[in-house]
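Participant: Sharing a structure, written as C-alpha cells. Questions coming.
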2 protein chains.
Amino acid sequence: MDIKIETANRAKETEEVIKEFLPKEEGLQISIFKAMNYSVCAGGKRLRPMLMSETHKLFGGESKALKYFMAAMEYLHTYSLVHDDLPAMDNDDYRRGRLTTHKVFGEDIGILAGDALLNYAFETVSKAFDTDEDKGRIGNAFKVFSQKAGVYGMIGGQCVDVEKEGQEVTLEELNFIHSLKTCALIEASMMIGAILAGADDEDVDKIEKAAHEIGMAFQIQDDILDVTGDEEVLGKPVGSDEKNNKMTYVNHIGLENAKEEVRVRSEKAVDILKSFPEQNEFLNELVIYLISRKK
Amino acid sequence: MDIKIETANRAKETEEVIKEFLPKEEGLQISIFKAMNYSVCAGGKRLRPMLMSETHKLFGGESKALKYFMAAMEYLHTYSLVHDDLPAMDNDDYRRGRLTTHKVFGEDIGILAGDALLNYAFETVSKAFDTDEDKGRIGNAFKVFSQKAGVYGMIGGQCVDVEKEGQEVTLEELNFIHSLKTCALIEASMMIGAILAGADDEDVDKIEKAAHEIGMAFQIQDDILDVTGDEEVLGKPVGSDEKNNKMTYVNHIGLENAKEEVRVRSEKAVDILKSFPEQNEFLNELVIYLISRKK
C-alpha cells in the first residue's frame, strides 16, 4: 500500500462527508453561512474524522450515524481554529496560506462563525438520532464528543495555554495542555468510531489510550517541525513557537529526546491497535505516516 | 396568587437547578471555571428554564431529564450574553450592574468562557442520557435545543443584527432578527418542556406558536421600556437603543401601536395555552406578568 496515495484518497472521501452537511448560502443571515463554509473549506488533513472512520472499520462497524459525527468533529475542530486566530487570542492573519476568517469577514462575524460552527457541530450530531441506529449508543457517542471538546477537554487546555503565554511552563503543565488541547479531540474521534461500531467499554478504553499516544506524538512532532522544518512545506514560519515564546517539548527535553518520545509513543499506539483480534492495516500505517510527516 | 412572589419563588427553585451542574473551581484551568460561574451567577430572570419547567407541568410531565435541559438552556443563554458584550460586538463594560466577563477576566478568557458555556450546555444535555428516560424523546429535545440555538435560530438572528447595526432596517428584517435572536430560545425552552412530558407533535407545534408570541411580546416590551423606562429600575441607560442607532419596534410603528402589539401577542399566547385540556394557571399569569414588567 502506498500510504501517501491511500491517505489522500481517504481524505477525499472524508471531505465529501464534511461537505454534505454544510449550510446553503442563502437567507438574510447569508454572511454567517459564507463564513462557516469559508472556514471549513480551507483544507486541512481531515485527520480527526479520518481516524474516527478507520477506528470504526477496525471494529467492523457499519453505523449510519457515523457520518454525522465525522462531519461534526471537523466543524468542531474548525471552530477552535477560527477562535484561536482572533486578535484577542493568537492574532493570526493567515492559516494554510489563506486569510483567516476574521480577516475576511470582520472580527464580529469571526466570533459568530466560531460560535456557529460549534453549535452546528452539535446540531449535526443531533441529526444522528433520525437514523434507526441504537439511540443509547448515539447518546454515549454524543457524551464523549461533548466532554472531550469542553472544559475538561480541548477548551480546558486552550485556557491554560492562553494563560501561560510568554511564561515558563513545567513539563507537567505542558503535558496537561497537550493532553487536553490536542489529544482530547483525537481521543474523542477514535472512541466515537469504536462506540458506534458497538465496541465494549474495555475496548473503548484501550482506544482512548492509543489515541492519547497518537495525539501526543503528533503534537511533539509539531514542536520538532517548528525547529527543523522547511518554511515552504510547513506553511508557517519556522521558529514561530520560539518567536512567540512558546514552551515546547523540544525546549524541555531537547531535539533528540523529543524525536525518541515520538517514536516510543507512536509504537505504543500501534501496539494497542494490533492487540485487537481484527486489524486495520491502513490505520496502523497511518499512525506511523502521521508522525513521519514533514508538515 | 401573588404572581410577583410566586415568580420569585420559582426563580429561586430554577436557580438551584442551574447551580447544581456548575463546575467546581479547581485544577489548572481554574480561570475558565471562575469565568463561567461568574457569568452564570450574575443573576437574571431565569425566564427560559422557568418557562421550560412550567410548560412541562402543563403537560403533566415528571421527566428526570428536565433539569439537565433547564440548566443547559441557561448556560446557553449566558454564553450568548458573554459574547454579545465583547469589544468586537456590543462592547459593553457592564451587565446587570456588574462588570462584564471580559472586563473581569480579559478578552481572551471572555471568548473562551463563552465557548466553554456553549459547549457545557451540550455537555449537560448529554448527561440526560444517563437517566432511564426514553432516549428517543431526549434525542428529540436535543435536536430542538441545537437547532433553535444555531444559525437557523439565535445565532442567525445575531448575525443579521450585527450586520445591520447603524443601518435602516425594514419591519420585515426587524421581525426576522427578533424571531431568531429572541424568540428561538423561548420557543426551544417551551417545546422541550412539552417534548419531555410526552406531548404529541401537534401540541408541540402549538406550544412553539405560543412561545413565539411570548418572545415577540417580550422583545417589543423591551423596546418600549428603552423609551419609557426608569434608568435605575432598568439597570441600563434609557434611550440606549436610540443612542446605539438601533432600529426598534417603537421607531417603526410608534409607541402606542407597539403597546397594542404587546397586548395582542400576549393574549394570543395565553389563548393557545388555555386551549389545552389541562391548565397551568401560574404559566398563564406569568405571560401577562412578563410583558407588564418595568424592567
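Ligands are numbered from 1 in the order shown, residues from 1 within each chain, and chains are lettered A, B, ... in the order they appear in the C-alpha cells.
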Would you please give, as a VMD selection string, all residues of stretch 13-211 of chain B that DSSP assigns to strand (DSSP E or B) based on the backbone?
Facilitator: chain B and resid 94 to 95 98 to 99
Participant: Mind dumping the selected residues with N, CA and C atoms as a PDB file, in the first residue's frame?
Facilitator:
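again-v4.pdb, freshly written:
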```
ATOM      1  N   TYR B  94     -20.610  46.820  31.374  1.00  0.00           N
ATOM      2  CA  TYR B  94     -21.469  46.414  32.486  1.00  0.00           C
ATOM      3  C   TYR B  94     -22.693  45.646  32.006  1.00  0.00           C
ATOM      4  N   ARG B  95     -23.124  44.687  32.805  1.00  0.00           N
ATOM      5  CA  ARG B  95     -24.382  43.985  32.581  1.00  0.00           C
ATOM      6  C   ARG B  95     -24.974  43.698  33.944  1.00  0.00           C
ATOM      7  N   ARG B  98     -23.005  44.703  37.022  1.00  0.00           N
ATOM      8  CA  ARG B  98     -21.680  44.134  37.312  1.00  0.00           C
ATOM      9  C   ARG B  98     -20.798  44.231  36.067  1.00  0.00           C
ATOM     10  N   LEU B  99     -19.487  44.238  36.279  1.00  0.00           N
ATOM     11  CA  LEU B  99     -18.577  44.230  35.131  1.00  0.00           C
ATOM     12  C   LEU B  99     -18.840  43.001  34.276  1.00  0.00           C
TER      13      LEU B  99
END
```
Participant: Against chain A, which residues of chain B fall within 9 Å? For each one I want the closest pair of atoms and the distance in Å (one decimal), counting only C-alpha atoms, rows by chain and increasing residue number, as JSON lines.
Facilitator:
```
{"residue": "B:Pro23", "atom": "CA", "partner": "A:Val151", "partner_atom": "CA", "distance": 9.0}
{"residue": "B:Leu28", "atom": "CA", "partner": "A:Val160", "partner_atom": "CA", "distance": 6.6}
{"residue": "B:Gln29", "atom": "CA", "partner": "A:Gly156", "partner_atom": "CA", "distance": 5.5}
{"residue": "B:Ile30", "atom": "CA", "partner": "A:Val160", "partner_atom": "CA", "distance": 8.6}
{"residue": "B:Ser31", "atom": "CA", "partner": "A:Cys159", "partner_atom": "CA", "distance": 7.5}
{"residue": "B:Ile32", "atom": "CA", "partner": "A:Cys159", "partner_atom": "CA", "distance": 6.5}
{"residue": "B:Phe33", "atom": "CA", "partner": "A:Val151", "partner_atom": "CA", "distance": 7.9}
{"residue": "B:His83", "atom": "CA", "partner": "A:Ile111", "partner_atom": "CA", "distance": 7.9}
{"residue": "B:Leu86", "atom": "CA", "partner": "A:Asp108", "partner_atom": "CA", "distance": 9.0}
{"residue": "B:Pro87", "atom": "CA", "partner": "A:Asp108", "partner_atom": "CA", "distance": 9.0}
{"residue": "B:Ala88", "atom": "CA", "partner": "A:Asp108", "partner_atom": "CA", "distance": 5.3}
{"residue": "B:Met89", "atom": "CA", "partner": "A:Asp108", "partner_atom": "CA", "distance": 5.6}
{"residue": "B:Gly106", "atom": "CA", "partner": "A:Ala88", "partner_atom": "CA", "distance": 8.9}
{"residue": "B:Glu107", "atom": "CA", "partner": "A:Ala88", "partner_atom": "CA", "distance": 6.1}
{"residue": "B:Asp108", "atom": "CA", "partner": "A:Ala88", "partner_atom": "CA", "distance": 5.3}
{"residue": "B:Ile109", "atom": "CA", "partner": "A:Cys159", "partner_atom": "CA", "distance": 7.0}
{"residue": "B:Ile111", "atom": "CA", "partner": "A:His83", "partner_atom": "CA", "distance": 7.9}
{"residue": "B:Leu112", "atom": "CA", "partner": "A:Cys159", "partner_atom": "CA", "distance": 7.0}
{"residue": "B:Ala113", "atom": "CA", "partner": "A:Ile155", "partner_atom": "CA", "distance": 8.9}
{"residue": "B:Gly114", "atom": "CA", "partner": "A:Asp115", "partner_atom": "CA", "distance": 8.7}
{"residue": "B:Asp115", "atom": "CA", "partner": "A:Asp115", "partner_atom": "CA", "distance": 7.0}
{"residue": "B:Ala116", "atom": "CA", "partner": "A:Gly150", "partner_atom": "CA", "distance": 6.1}
{"residue": "B:Leu117", "atom": "CA", "partner": "A:Gly150", "partner_atom": "CA", "distance": 8.7}
{"residue": "B:Leu118", "atom": "CA", "partner": "A:Asn119", "partner_atom": "CA", "distance": 7.6}
{"residue": "B:Asn119", "atom": "CA", "partner": "A:Gly150", "partner_atom": "CA", "distance": 5.7}
{"residue": "B:Tyr120", "atom": "CA", "partner": "A:Gly150", "partner_atom": "CA", "distance": 6.4}
{"residue": "B:Phe122", "atom": "CA", "partner": "A:Ser146", "partner_atom": "CA", "distance": 6.4}
{"residue": "B:Glu123", "atom": "CA", "partner": "A:Ser146", "partner_atom": "CA", "distance": 5.0}
{"residue": "B:Thr124", "atom": "CA", "partner": "A:Ser146", "partner_atom": "CA", "distance": 8.7}
{"residue": "B:Val125", "atom": "CA", "partner": "A:Lys143", "partner_atom": "CA", "distance": 8.7}
{"residue": "B:Ser126", "atom": "CA", "partner": "A:Lys143", "partner_atom": "CA", "distance": 5.2}
{"residue": "B:Lys127", "atom": "CA", "partner": "A:Lys143", "partner_atom": "CA", "distance": 7.0}
{"residue": "B:Phe129", "atom": "CA", "partner": "A:Gly139", "partner_atom": "CA", "distance": 6.0}
{"residue": "B:Asp130", "atom": "CA", "partner": "A:Gly139", "partner_atom": "CA", "distance": 8.7}
{"residue": "B:Lys135", "atom": "CA", "partner": "A:Lys135", "partner_atom": "CA", "distance": 6.2}
{"residue": "B:Gly136", "atom": "CA", "partner": "A:Lys135", "partner_atom": "CA", "distance": 6.6}
{"residue": "B:Gly139", "atom": "CA", "partner": "A:Phe129", "partner_atom": "CA", "distance": 6.0}
{"residue": "B:Asn140", "atom": "CA", "partner": "A:Phe129", "partner_atom": "CA", "distance": 7.7}
{"residue": "B:Phe142", "atom": "CA", "partner": "A:Ser126", "partner_atom": "CA", "distance": 6.5}
{"residue": "B:Lys143", "atom": "CA", "partner": "A:Ser126", "partner_atom": "CA", "distance": 5.2}
{"residue": "B:Val144", "atom": "CA", "partner": "A:Glu123", "partner_atom": "CA", "distance": 8.8}
{"residue": "B:Phe145", "atom": "CA", "partner": "A:Glu123", "partner_atom": "CA", "distance": 8.5}
{"residue": "B:Ser146", "atom": "CA", "partner": "A:Glu123", "partner_atom": "CA", "distance": 5.0}
{"residue": "B:Gln147", "atom": "CA", "partner": "A:Glu123", "partner_atom": "CA", "distance": 6.0}
{"residue": "B:Ala149", "atom": "CA", "partner": "A:Asn119", "partner_atom": "CA", "distance": 7.2}
{"residue": "B:Gly150", "atom": "CA", "partner": "A:Asn119", "partner_atom": "CA", "distance": 5.7}
{"residue": "B:Val151", "atom": "CA", "partner": "A:Ala116", "partner_atom": "CA", "distance": 6.2}
{"residue": "B:Tyr152", "atom": "CA", "partner": "A:Gln29", "partner_atom": "CA", "distance": 8.5}
{"residue": "B:Ile155", "atom": "CA", "partner": "A:Ala116", "partner_atom": "CA", "distance": 6.5}
{"residue": "B:Gly156", "atom": "CA", "partner": "A:Gln29", "partner_atom": "CA", "distance": 5.5}
{"residue": "B:Gly157", "atom": "CA", "partner": "A:Gln29", "partner_atom": "CA", "distance": 7.2}
{"residue": "B:Gln158", "atom": "CA", "partner": "A:Leu112", "partner_atom": "CA", "distance": 8.1}
{"residue": "B:Cys159", "atom": "CA", "partner": "A:Gln29", "partner_atom": "CA", "distance": 6.0}
{"residue": "B:Val160", "atom": "CA", "partner": "A:Gln29", "partner_atom": "CA", "distance": 5.5}
{"residue": "B:Val162", "atom": "CA", "partner": "A:Asp108", "partner_atom": "CA", "distance": 7.5}
{"residue": "B:Glu163", "atom": "CA", "partner": "A:Ile109", "partner_atom": "CA", "distance": 8.5}
{"residue": "B:Glu173", "atom": "CA", "partner": "A:Leu28", "partner_atom": "CA", "distance": 8.1}
{"residue": "B:Phe176", "atom": "CA", "partner": "A:Leu28", "partner_atom": "CA", "distance": 8.3}
```
Participant: Write the residues of the preceding selection, restricted to C-alpha atoms, as an mmCIF file, in the first residue's frame.
Facilitator:
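Output (part_28.cif):
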```cif
data_model
loop_
_atom_site.group_PDB
_atom_site.id
_atom_site.type_symbol
_atom_site.label_atom_id
_atom_site.label_comp_id
_atom_site.auth_asym_id
_atom_site.auth_seq_id
_atom_site.Cartn_x
_atom_site.Cartn_y
_atom_site.Cartn_z
ATOM 1 C CA PRO B 23 -18.178 23.193 37.512
ATOM 2 C CA LEU B 28 -5.026 24.133 36.183
ATOM 3 C CA GLN B 29 -7.858 25.521 34.075
ATOM 4 C CA ILE B 30 -9.437 27.183 37.140
ATOM 5 C CA SER B 31 -9.812 30.557 35.362
ATOM 6 C CA ILE B 32 -12.287 29.164 32.871
ATOM 7 C CA PHE B 33 -14.384 27.708 35.693
ATOM 8 C CA HIS B 83 -20.080 37.004 23.556
ATOM 9 C CA LEU B 86 -17.254 41.528 23.749
ATOM 10 C CA PRO B 87 -15.413 44.595 22.388
ATOM 11 C CA ALA B 88 -15.851 43.401 18.783
ATOM 12 C CA MET B 89 -19.607 43.020 19.363
ATOM 13 C CA GLY B 106 -9.683 39.644 29.920
ATOM 14 C CA GLU B 107 -10.869 39.392 26.346
ATOM 15 C CA ASP B 108 -9.205 36.033 25.627
ATOM 16 C CA ILE B 109 -10.805 34.299 28.609
ATOM 17 C CA ILE B 111 -14.133 34.470 24.360
ATOM 18 C CA LEU B 112 -13.168 31.099 25.843
ATOM 19 C CA ALA B 113 -15.740 31.381 28.651
ATOM 20 C CA GLY B 114 -18.479 31.879 26.061
ATOM 21 C CA ASP B 115 -17.230 28.875 24.089
ATOM 22 C CA ALA B 116 -16.996 26.908 27.319
ATOM 23 C CA LEU B 117 -20.575 27.715 28.330
ATOM 24 C CA LEU B 118 -21.934 26.846 24.898
ATOM 25 C CA ASN B 119 -20.103 23.519 24.939
ATOM 26 C CA TYR B 120 -21.021 22.922 28.593
ATOM 27 C CA PHE B 122 -24.457 20.448 25.357
ATOM 28 C CA GLU B 123 -22.330 18.505 27.826
ATOM 29 C CA THR B 124 -25.112 18.977 30.377
ATOM 30 C CA VAL B 125 -27.743 17.906 27.838
ATOM 31 C CA SER B 126 -25.703 14.763 27.118
ATOM 32 C CA LYS B 127 -25.953 13.777 30.795
ATOM 33 C CA PHE B 129 -28.921 10.174 28.510
ATOM 34 C CA ASP B 130 -27.724 8.698 31.829
ATOM 35 C CA LYS B 135 -33.817 8.115 24.738
ATOM 36 C CA GLY B 136 -35.741 8.924 21.564
ATOM 37 C CA GLY B 139 -32.876 12.940 21.312
ATOM 38 C CA ASN B 140 -35.824 14.992 20.030
ATOM 39 C CA PHE B 142 -31.633 17.759 21.978
ATOM 40 C CA LYS B 143 -32.492 18.354 18.311
ATOM 41 C CA VAL B 144 -34.782 21.269 19.125
ATOM 42 C CA PHE B 145 -32.201 22.656 21.545
ATOM 43 C CA SER B 146 -29.374 22.644 18.987
ATOM 44 C CA GLN B 147 -31.462 23.907 16.049
ATOM 45 C CA ALA B 149 -29.648 27.929 19.220
ATOM 46 C CA GLY B 150 -27.866 27.837 15.875
ATOM 47 C CA VAL B 151 -27.685 29.528 12.506
ATOM 48 C CA TYR B 152 -31.372 28.904 11.801
ATOM 49 C CA ILE B 155 -27.010 32.843 16.042
ATOM 50 C CA GLY B 156 -28.694 33.536 12.679
ATOM 51 C CA GLY B 157 -30.591 36.448 14.240
ATOM 52 C CA GLN B 158 -27.471 37.707 15.959
ATOM 53 C CA CYS B 159 -25.621 37.694 12.637
ATOM 54 C CA VAL B 160 -28.216 39.893 10.921
ATOM 55 C CA VAL B 162 -24.641 42.709 13.917
ATOM 56 C CA GLU B 163 -24.590 43.347 10.176
ATOM 57 C CA GLU B 173 -35.928 42.441 8.781
ATOM 58 C CA PHE B 176 -36.583 38.255 11.314
#
```
Participant: Which residue out of B:Ile3, B:Leu171, B:Ile186, B:Leu180 has the minimum interatomic distance to B:Met73 when only C-alpha atoms are used?
Facilitator: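 Of B:Ile3, B:Leu171, B:Ile186, B:Leu180, the one nearest B:Met73 is B:Ile186, counting only C-alpha atoms.
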Participant: Fewer than 4 positions away in the same chain doesn't count, so skip those; otherwise give me all residues within 6 Å of stretch 37-54 of chain B, counting only C-alpha atoms, as number ranges by chain.
Facilitator: B: 70, 186, 189-190, 193
